[in-house]
Amino acid sequence: MRERLINFGAGPAMMPEAVLRRIREEAFDYCGSTVSVFELGHRTPEFEAILGGLRDRIRRLLAVPKDYDILFCQGGGRLQFAMVPMNLFGAGAIASYIVTGSWSRNAQREALRIGRVQTAFAGNGTHAPRPDEYECLPEAAYLYYCDNETVHGVEFRDPPKAPERVPLVADMSSNFLSRPVDVSRFGLIWACAQKNFGIAGLSVVIIRRDLLGLAAPNVPTLMNFSVYSRTGSTPNTPPIFAIYVAALMAEWIEAEGGLEEMNSRALARSSIIYSTLDELRDVYALPVEPESRSRMNVVFRLADEEATGEFLAGAARRGLINLAGHRSVGGIRASLYNSMPMKGAERLAEYLREYAGRTLARKRSSPAQSRGR
Ligand code: PMP
């Protein structure tokens with residue numbers, strides 16, 4: 001097989017080669033059955049073992065307490081922007097949202113279609129709030145935040161604190177299974193799969209059981225978390241393939257050493273890039289405050305922004321692809337999820353140095369020309 005390109009895309013994202021090979025094999029023959037994994041019926045013992053195995057692995061990896069249920073829903077991440085308020089508004093008349101970037105802002109907008117919303121913090125995409133910077137209503141149905149803002153590259157080091165009796169809800173779409181989490185601090189955690197643990201179309205929801213059953217009677221059946229809980233996440237034909245891939249990814253994460261290991265790899269990958277960027281401040285600009293820098297999405301810009309296209313083309317020629325920032329903010333973004341090998345981060349750091357060396361040399365040799373570009 002040709003050497004694979006290093007894919008820094010923000011999701012769908014890179015997957016481990018070992019997992020891709022296994023999918024290729026099992027596409028023809030699942031566990032010696034001569035039946036393809038795509039053809040498995042969702043009520044077969046084989047599929048039940050896949051789904052149950054995925055649920056058990058997530059419970060083990062995150063040490064999910066017994067009083068939490070683990071659900072699998074279709075519709076990707078954005079559907080959760082609606083499902084969360086539809087299911088949790090029953091606990092109160094208003095919800096509080098911490099806004100740290102585009103994804104929490106989008107979630108808040110969707111919640112406004114369903115109920116009343118208070119802004120606990122309105123950020124500008126550069127940092128996660130310090131404890132004295134946000135205020136959640138004590139009567140809120142829940143306090144919502146996004147643990148890692150994929151577009152802006154802002155990640156919480158520690159979750160925010162909700163007032164007593166207010167359930168904390170986290171969108172962990174872009175950092176799920178990348179570090180240990182104390183689940184007992186949350187009412188609900190959700191994440192879409194296509195970044196750290198699989199492919200698009202599937203979301204996992206970890207919910208404290210006392211928050212089930214709060215949905216109003218007019219909430220559609222397939223939007224109701226209780227229905228997923230009651231049916232073991234098979235209220236209809238579930239996305240078999242997405243669940244199968246997530247199960248392989250969870251198995252891979254466990255075999256590689258679990259969440260402590262994922263975290264130390266994430267820290268190693270991101271710090272080599274941040275430290276290179278920090279060293280080369282004449283060429284690169286970092287908008288996110290150091291204590292909120294994401295381990296998953298390294299967001300930066302060129303001091304000479306007009307050269308962004310040239311930077312990206314040079315990267316692609318070296319096999320480093322999908323480094324463009326999100327279309328809403330521009331700039332450059334390197335996404336470094338669980339499957340990104342250390343060698344990928346090292347090759348990007350080398351390119352950052354090489355590009356900076358060339359840019360600085362050009363500036364020195366013709367300062368007027370480089371300024372006028
Ligand atoms: N939340 C976050 C933090 C995300 O990064 C994304 C996708 N990039 C979403 C929600 C939406 O996910 P989806 O595209 O599956 O709807």
# chains A, B, ... in the order shown; residues from 1 in each chain; ligands from 1
$ select_by_dssp --residues "segment 171-261 of chain A" --states "helix (DSSP H, G or I)" --output "number ranges by chain"
A: 183-185, 209-211, 221-223, 225-230, 240-256, 258-261
$ residues_near_ligand --ligand "ligand 1" --cutoff "7 Å" --atoms "only C-alpha atoms and all ligand atoms" --output "number ranges by chain"
A: 10-11, 75-79, 103, 146, 148-151, 171-174, 192, 200-201
$ select_by_dssp --residues "segment 76-174 of chain A" --states "strand (DSSP E or B)" --output "list in words"
Ile94, Ala95, Ser96, Tyr97, Ile98, Val99, Arg116, Val117, Gln118, Thr119, Ala120, Phe121, Ala122, Leu143, Tyr144, Tyr145, Cys146, Asn148, Glu149, Val154, Glu155, Leu168, Val169, Ala170 and Asp171 of chain A
$ write_last_selection --atoms "C-alpha atoms" --output "CSV table (one decimal), in the first residue's frame"
chain,number,residue,atom,x,y,z
A,94,ILE,CA,-34.6,28.2,31.5
A,95,ALA,CA,-31.2,26.9,30.6
A,96,SER,CA,-27.8,28.5,31.0
A,97,TYR,CA,-25.2,28.4,28.2
A,98,ILE,CA,-21.5,29.1,28.4
A,99,VAL,CA,-20.5,30.4,24.9
A,116,ARG,CA,-35.7,30.2,27.4
A,117,VAL,CA,-32.0,30.6,27.5
A,118,GLN,CA,-29.6,32.6,29.6
A,119,THR,CA,-26.0,33.4,28.5
A,120,ALA,CA,-23.7,32.5,31.4
A,121,PHE,CA,-20.6,33.6,29.5
A,122,ALA,CA,-20.2,35.2,26.1
A,143,LEU,CA,-25.7,24.5,32.5
A,144,TYR,CA,-24.4,23.7,28.9
A,145,TYR,CA,-20.8,24.2,27.6
A,146,CYS,CA,-18.6,22.8,24.9
A,148,ASN,CA,-13.4,21.7,23.2
A,149,GLU,CA,-14.4,24.3,20.6
A,154,VAL,CA,-10.4,26.5,22.9
A,155,GLU,CA,-10.4,23.6,25.4
A,168,LEU,CA,-23.8,20.1,33.9
A,169,VAL,CA,-24.1,19.2,30.2
A,170,ALA,CA,-21.0,18.9,28.0
A,171,ASP,CA,-20.5,18.7,24.3
$ residues_around --residues "Glu26 of chain A" --least-positions-apart "4" --cutoff "7 Å" --atoms "only C-alpha atoms" --output "PyMOL selection string"
chain A and resi 22+30+36-37
$ residues_around --residues "Asp158 of chain A" --least-positions-apart "3" --cutoff "12 Å" --atoms "only C-alpha atoms" --output "list in words"
Ala128, Pro129, Arg130, Pro131, Tyr145, Cys146, Asp147, Asn148, Glu155, Lys161, Ala170, Arg179, Pro180, Val181, Asp182, Arg185, Glu291 and Ser292 of chain A
$ residues_around --residues "Gly309 of chain A" --least-positions-apart "5" --cutoff "10 Å" --atoms "only C-alpha atoms" --output "number ranges by chain"
A: 314-315, 324, 331-332
$ closest_atom_pairs --of "segment 45-161 of chain A" --to "segment 211-230 of chain A" --cutoff "8 Å" --atoms "only C-alpha atoms" --output "CSV"
residue,atom,partner,partner_atom,distance
A:Asp69,CA,A:Ser229,CA,7.0
A:Ile70,CA,A:Ser229,CA,7.8
A:Leu71,CA,A:Tyr228,CA,6.3
A:Phe72,CA,A:Tyr228,CA,7.4
A:Cys73,CA,A:Tyr228,CA,7.6
A:Met83,CA,A:Met223,CA,5.8
A:Met86,CA,A:Ala215,CA,6.1
A:Asn87,CA,A:Ala215,CA,4.3
A:Leu88,CA,A:Leu214,CA,6.1
A:Phe89,CA,A:Ala215,CA,7.3
A:Gly90,CA,A:Leu214,CA,4.9
A:Ala91,CA,A:Leu214,CA,6.6
$ write_last_selection --atoms "N, CA and C atoms" --output "PDB file, in the first residue's frame"
ATOM      1  N   ASP A  69     -26.584   6.025  32.143  1.00  0.00           N
ATOM      2  CA  ASP A  69     -26.855   5.181  30.992  1.00  0.00           C
ATOM      3  C   ASP A  69     -26.002   5.673  29.819  1.00  0.00           C
ATOM      4  N   ILE A  70     -25.650   4.752  28.932  1.00  0.00           N
ATOM      5  CA  ILE A  70     -24.877   5.131  27.740  1.00  0.00           C
ATOM      6  C   ILE A  70     -25.749   4.830  26.518  1.00  0.00           C
ATOM      7  N   LEU A  71     -26.060   5.881  25.754  1.00  0.00           N
ATOM      8  CA  LEU A  71     -26.991   5.750  24.630  1.00  0.00           C
ATOM      9  C   LEU A  71     -26.282   6.076  23.316  1.00  0.00           C
ATOM     10  N   PHE A  72     -26.776   5.507  22.217  1.00  0.00           N
ATOM     11  CA  PHE A  72     -26.232   5.813  20.898  1.00  0.00           C
ATOM     12  C   PHE A  72     -27.363   6.330  20.019  1.00  0.00           C
ATOM     13  N   CYS A  73     -27.172   7.544  19.490  1.00  0.00           N
ATOM     14  CA  CYS A  73     -28.211   8.186  18.690  1.00  0.00           C
ATOM     15  C   CYS A  73     -27.692   8.466  17.291  1.00  0.00           C
ATOM     16  N   MET A  83     -31.854  17.770  20.845  1.00  0.00           N
ATOM     17  CA  MET A  83     -32.304  16.706  21.767  1.00  0.00           C
ATOM     18  C   MET A  83     -32.046  17.069  23.226  1.00  0.00           C
ATOM     19  N   MET A  86     -34.752  19.471  24.358  1.00  0.00           N
ATOM     20  CA  MET A  86     -36.056  18.788  24.316  1.00  0.00           C
ATOM     21  C   MET A  86     -36.216  17.818  25.480  1.00  0.00           C
ATOM     22  N   ASN A  87     -35.114  17.255  25.931  1.00  0.00           N
ATOM     23  CA  ASN A  87     -35.180  16.253  26.997  1.00  0.00           C
ATOM     24  C   ASN A  87     -34.932  16.817  28.379  1.00  0.00           C
ATOM     25  N   LEU A  88     -34.243  17.962  28.463  1.00  0.00           N
ATOM     26  CA  LEU A  88     -33.872  18.441  29.805  1.00  0.00           C
ATOM     27  C   LEU A  88     -34.635  19.670  30.262  1.00  0.00           C
ATOM     28  N   PHE A  89     -35.354  20.336  29.347  1.00  0.00           N
ATOM     29  CA  PHE A  89     -36.084  21.528  29.794  1.00  0.00           C
ATOM     30  C   PHE A  89     -37.128  21.185  30.842  1.00  0.00           C
ATOM     31  N   GLY A  90     -37.554  19.921  30.850  1.00  0.00           N
ATOM     32  CA  GLY A  90     -38.537  19.503  31.848  1.00  0.00           C
ATOM     33  C   GLY A  90     -38.102  19.785  33.272  1.00  0.00           C
ATOM     34  N   ALA A  91     -36.776  19.903  33.479  1.00  0.00           N
ATOM     35  CA  ALA A  91     -36.274  20.096  34.841  1.00  0.00           C
ATOM     36  C   ALA A  91     -36.300  21.569  35.269  1.00  0.00           C
TER      37      ALA A  91
END
